[in-house]
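This is work-v8.cif. It holds mmCIF, C-alpha atoms, pLDDT in the B column; chains and numbers go by the auth columns.
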```cif
data_coords
loop_
_atom_site.group_PDB
_atom_site.id
_atom_site.type_symbol
_atom_site.label_atom_id
_atom_site.label_comp_id
_atom_site.label_asym_id
_atom_site.label_seq_id
_atom_site.Cartn_x
_atom_site.Cartn_y
_atom_site.Cartn_z
_atom_site.B_iso_or_equiv
_atom_site.auth_seq_id
_atom_site.auth_asym_id
ATOM 1 C CA MET A 1 214.862 108.902 52.944 65.00 1169 K
ATOM 2 C CA TRP A 2 212.461 108.202 50.078 83.00 1170 K
ATOM 3 C CA LYS A 3 215.194 105.966 48.653 88.00 1171 K
ATOM 4 C CA VAL A 4 214.295 103.273 51.203 87.00 1172 K
ATOM 5 C CA ILE A 5 210.806 102.783 49.714 89.00 1173 K
ATOM 6 C CA PRO A 6 211.706 100.663 46.630 93.00 1174 K
ATOM 7 C CA TYR A 7 214.001 98.436 48.686 94.00 1175 K
ATOM 8 C CA ALA A 8 211.387 98.092 51.418 93.00 1176 K
ATOM 9 C CA LEU A 9 208.671 97.228 48.901 93.00 1177 K
ATOM 10 C CA LEU A 10 210.803 94.514 47.303 96.00 1178 K
ATOM 11 C CA GLN A 11 211.833 93.119 50.693 97.00 1179 K
ATOM 12 C CA CYS A 12 208.205 93.019 51.828 96.00 1180 K
ATOM 13 C CA LEU A 13 207.114 91.343 48.592 97.00 1181 K
ATOM 14 C CA LEU A 14 209.749 88.643 49.083 98.00 1182 K
ATOM 15 C CA LEU A 15 208.726 88.202 52.720 97.00 1183 K
ATOM 16 C CA THR A 16 205.041 87.988 51.845 97.00 1184 K
ATOM 17 C CA GLY A 17 205.770 85.582 48.995 98.00 1185 K
ATOM 18 C CA GLY A 18 207.582 83.364 51.478 97.00 1186 K
ATOM 19 C CA GLN A 19 204.576 83.441 53.800 97.00 1187 K
ATOM 20 C CA VAL A 20 202.192 82.574 50.952 98.00 1188 K
ATOM 21 C CA PHE A 21 204.311 79.603 49.902 97.00 1189 K
ATOM 22 C CA LEU A 22 204.557 78.529 53.545 95.00 1190 K
ATOM 23 C CA LYS A 23 200.761 78.545 53.808 96.00 1191 K
ATOM 24 C CA PHE A 24 200.439 76.536 50.578 95.00 1192 K
ATOM 25 C CA ALA A 25 203.080 74.076 51.800 94.00 1193 K
ATOM 26 C CA LEU A 26 201.367 73.596 55.152 90.00 1194 K
ATOM 27 C CA MET A 27 198.012 73.042 53.457 91.00 1195 K
ATOM 28 C CA ARG A 28 199.533 70.045 51.613 89.00 1196 K
ATOM 29 C CA MET A 29 201.265 68.551 54.628 86.00 1197 K
ATOM 30 C CA PRO A 30 199.811 66.251 57.266 84.00 1198 K
ATOM 31 C CA GLN A 31 199.191 67.502 60.788 87.00 1199 K
ATOM 32 C CA PHE A 32 202.420 68.317 62.616 84.00 1200 K
ATOM 33 C CA SER A 33 204.132 65.404 64.319 86.00 1201 K
ATOM 34 C CA TRP A 34 207.662 64.326 65.164 91.00 1202 K
ATOM 35 C CA THR A 35 207.489 61.421 62.735 88.00 1203 K
ATOM 36 C CA LYS A 36 209.702 60.564 59.793 88.00 1204 K
ATOM 37 C CA ASP A 37 206.693 60.797 57.458 86.00 1205 K
ATOM 38 C CA PHE A 38 205.918 64.355 58.503 86.00 1206 K
ATOM 39 C CA TRP A 39 209.482 65.564 58.022 87.00 1207 K
ATOM 40 C CA TRP A 40 209.759 63.755 54.689 89.00 1208 K
ATOM 41 C CA SER A 41 206.549 65.439 53.504 86.00 1209 K
ATOM 42 C CA MET A 42 208.101 68.781 54.402 86.00 1210 K
ATOM 43 C CA LEU A 43 211.422 68.130 52.704 87.00 1211 K
ATOM 44 C CA THR A 44 209.792 66.916 49.481 91.00 1212 K
ATOM 45 C CA ASN A 45 207.334 69.814 49.255 92.00 1213 K
ATOM 46 C CA TRP A 46 208.393 72.279 46.528 95.00 1214 K
ATOM 47 C CA GLN A 47 206.292 75.060 48.060 96.00 1215 K
ATOM 48 C CA PHE A 48 208.241 74.689 51.295 94.00 1216 K
ATOM 49 C CA ALA A 49 211.493 75.010 49.327 95.00 1217 K
ATOM 50 C CA ALA A 50 210.152 78.116 47.552 97.00 1218 K
ATOM 51 C CA CYS A 51 209.213 79.539 50.935 97.00 1219 K
ATOM 52 C CA GLY A 52 212.769 79.075 52.203 96.00 1220 K
ATOM 53 C CA LEU A 53 214.262 80.628 49.074 98.00 1221 K
ATOM 54 C CA LEU A 54 212.054 83.717 49.319 98.00 1222 K
ATOM 55 C CA PHE A 55 212.707 84.077 53.051 97.00 1223 K
ATOM 56 C CA GLY A 56 216.438 83.818 52.355 98.00 1224 K
ATOM 57 C CA LEU A 57 216.352 86.475 49.641 98.00 1225 K
ATOM 58 C CA SER A 58 214.245 88.691 51.871 97.00 1226 K
ATOM 59 C CA GLY A 59 216.781 88.296 54.665 97.00 1227 K
ATOM 60 C CA LEU A 60 219.691 89.209 52.404 97.00 1228 K
ATOM 61 C CA LEU A 61 217.919 92.315 51.159 97.00 1229 K
ATOM 62 C CA TRP A 62 217.004 93.193 54.751 96.00 1230 K
ATOM 63 C CA MET A 63 220.699 93.080 55.694 97.00 1231 K
ATOM 64 C CA TYR A 64 221.456 95.524 52.878 97.00 1232 K
ATOM 65 C CA ILE A 65 218.618 97.846 53.927 96.00 1233 K
ATOM 66 C CA VAL A 66 219.714 97.882 57.581 95.00 1234 K
ATOM 67 C CA LYS A 67 223.322 98.529 56.558 96.00 1235 K
ATOM 68 C CA ILE A 68 222.460 101.505 54.328 94.00 1236 K
ATOM 69 C CA PHE A 69 219.495 103.203 56.020 94.00 1237 K
ATOM 70 C CA PRO A 70 218.872 104.342 59.591 93.00 1238 K
ATOM 71 C CA PHE A 71 217.194 101.597 61.615 93.00 1239 K
ATOM 72 C CA SER A 72 214.500 104.012 62.789 91.00 1240 K
ATOM 73 C CA THR A 73 213.479 104.452 59.151 90.00 1241 K
ATOM 74 C CA ALA A 74 214.090 100.936 57.856 91.00 1242 K
ATOM 75 C CA TYR A 75 212.393 98.872 60.545 91.00 1243 K
ATOM 76 C CA PRO A 76 208.910 100.431 60.334 91.00 1244 K
ATOM 77 C CA MET A 77 208.939 99.727 56.581 90.00 1245 K
ATOM 78 C CA VAL A 78 208.647 95.997 57.333 90.00 1246 K
ATOM 79 C CA SER A 79 205.023 96.717 58.264 91.00 1247 K
ATOM 80 C CA LEU A 80 204.308 97.084 54.547 92.00 1248 K
ATOM 81 C CA SER A 81 204.393 93.296 54.440 93.00 1249 K
ATOM 82 C CA TYR A 82 201.054 93.398 56.312 93.00 1250 K
ATOM 83 C CA VAL A 83 199.584 95.295 53.370 94.00 1251 K
ATOM 84 C CA PHE A 84 200.874 92.708 50.907 96.00 1252 K
ATOM 85 C CA GLY A 85 199.719 89.941 53.229 95.00 1253 K
ATOM 86 C CA MET A 86 196.182 91.313 53.142 95.00 1254 K
ATOM 87 C CA LEU A 87 196.254 91.430 49.345 96.00 1255 K
ATOM 88 C CA ALA A 88 197.653 87.887 49.220 97.00 1256 K
ATOM 89 C CA ALA A 89 194.866 86.678 51.537 96.00 1257 K
ATOM 90 C CA ILE A 90 192.335 87.992 49.038 96.00 1258 K
ATOM 91 C CA LEU A 91 194.094 86.853 45.865 97.00 1259 K
ATOM 92 C CA PHE A 92 195.366 83.414 46.861 96.00 1260 K
ATOM 93 C CA PHE A 93 193.179 82.299 49.735 96.00 1261 K
ATOM 94 C CA HIS A 94 189.912 84.028 48.752 96.00 1262 K
ATOM 95 C CA GLU A 95 189.477 85.574 52.183 95.00 1263 K
ATOM 96 C CA GLU A 96 187.074 88.428 52.789 94.00 1264 K
ATOM 97 C CA VAL A 97 188.520 91.611 54.248 92.00 1265 K
ATOM 98 C CA SER A 98 186.393 93.956 56.308 94.00 1266 K
ATOM 99 C CA ALA A 99 186.312 97.721 55.885 94.00 1267 K
ATOM 100 C CA MET A 100 187.981 98.129 59.291 95.00 1268 K
ATOM 101 C CA LYS A 101 190.948 96.052 58.119 94.00 1269 K
ATOM 102 C CA TRP A 102 191.273 98.309 55.070 95.00 1270 K
ATOM 103 C CA VAL A 103 191.325 101.317 57.398 95.00 1271 K
ATOM 104 C CA GLY A 104 194.155 99.646 59.301 94.00 1272 K
ATOM 105 C CA VAL A 105 196.061 99.003 56.085 93.00 1273 K
ATOM 106 C CA GLY A 106 195.596 102.648 55.133 94.00 1274 K
ATOM 107 C CA CYS A 107 197.065 103.694 58.483 95.00 1275 K
ATOM 108 C CA ILE A 108 200.098 101.480 57.881 94.00 1276 K
ATOM 109 C CA VAL A 109 200.711 102.991 54.452 92.00 1277 K
ATOM 110 C CA ILE A 110 200.321 106.554 55.743 94.00 1278 K
ATOM 111 C CA GLY A 111 202.645 105.782 58.661 92.00 1279 K
ATOM 112 C CA CYS A 112 205.323 104.415 56.348 88.00 1280 K
ATOM 113 C CA LEU A 113 205.089 107.449 54.100 87.00 1281 K
ATOM 114 C CA LEU A 114 205.433 109.772 57.094 90.00 1282 K
ATOM 115 C CA ILE A 115 208.459 107.856 58.398 86.00 1283 K
ATOM 116 C CA ALA A 116 210.163 107.777 54.992 81.00 1284 K
ATOM 117 C CA LYS A 117 209.704 111.519 54.482 77.00 1285 K
#
```
Just give me the structure as structure tokens.
Amino acid sequence: MWKVIPYALLQCLLLTGGQVFLKFALMRMPQFSWTKDFWWSMLTNWQFAACGLLFGLSGLLWMYIVKIFPFSTAYPMVSLSYVFGMLAAILFFHEEVSAMKWVGVGCIVIGCLLIAK
């Protein structure tokens, strides 16, 4: 089942990239409202478009993964996106990550390796 790892890593990178672009897009947009101005700001925001593209690619790859690999192996691999999300929080949003969160990330990685074995 080790063959699932490269696909899972790429899928999680695409998913995390979509989340990062979503955060950037939302940071540029006004507070949520049901107004024409709000929706126009969303539709003209290139980061929001990038977010949708990455989510779409992630979804397509996810369909391939689920088709090829057992669900009990494939689905837990999505948790690797939490690892990439933590790294993205540090790199792009300059967030501080506690030692306990790193322990949690380590547990996720070990769990994925055990499941893929």
Please, what distance in Å, to one decimal, runs between CA of Ser1240 in chain K and CA of Ala1284 in chain K?
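According to the coordinates, CA of Ser1240 in chain K and CA of Ala1284 in chain K are separated by 9.7 Å.
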Shortest interatomic distance to Leu1255 in chain K - which of K:Trp1270, K:Trp1207, K:Tyr1175, K:Phe1239, counting only C-alpha atoms
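Nearest to Leu1255 in chain K: K:Trp1270.
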Selected residue, from K:Met1197, K:Cys1280, K:Leu1190, K:Leu1183, that lies nearest to Tyr1243 in chain K when counting all atoms listed in the file
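The shortest atom-to-atom distance to Tyr1243 in chain K comes from K:Cys1280.
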Determine the residue membership of the PyMOL selection byres ((chain K and resi 1220) around 12) for the file above and supply it as a list of chain:residue names.
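Here the PyMOL selection byres ((chain K and resi 1220) around 12) matches K:Leu1182, K:Leu1183, K:Thr1184, K:Gly1185, K:Gly1186, K:Gln1187, K:Val1188, K:Phe1189, K:Leu1190, K:Ala1193, K:Met1210, K:Leu1211, K:Asn1213, K:Trp1214, K:Gln1215, K:Phe1216, K:Ala1217, K:Ala1218, K:Cys1219, K:Leu1221, K:Leu1222, K:Phe1223, K:Gly1224, K:Leu1225, K:Ser1226, K:Gly1227.
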Nearest-residue call for Phe1192 in chain K, choices K:Met1268, K:Leu1248, K:Ala1256, K:Met1231, using only C-alpha atoms
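Ranking K:Met1268, K:Leu1248, K:Ala1256, K:Met1231 by distance to Phe1192 in chain K, first place goes to K:Ala1256.
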Residue nearest Leu1177 in chain K - candidates K:Val1234, K:Ile1283, K:Leu1229, K:Ile1278, atoms counted: all atoms listed in the file
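The closest residue to Leu1177 in chain K is K:Leu1229.
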Which residue out of K:Val1265, K:Leu1281, K:Cys1275, K:Met1254 has the minimum interatomic distance to Ala1176 in chain K when only C-alpha atoms are used?
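Counting only C-alpha atoms, the residue closest to Ala1176 in chain K is K:Leu1281.
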Residue among K:Pro1238, K:His1262, K:Met1245, K:Gly1253 lying closest to Ile1276 in chain K, counting only C-alpha atoms
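Between K:Pro1238, K:His1262, K:Met1245, K:Gly1253, the residue approaching Ile1276 in chain K most closely is K:Met1245.
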Rounded to one decimal in Å, what is the spacing between CA of Ile1233 in chain K and CA of Lys1171 in chain K?
10.3 Å
Just to confirm, what's the straight-line distance from CA of Phe1252 in chain K to CA of Gly1279 in chain K in Å (one decimal)?
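Calculated distance between CA of Phe1252 in chain K and CA of Gly1279 in chain K is 15.3 Å.
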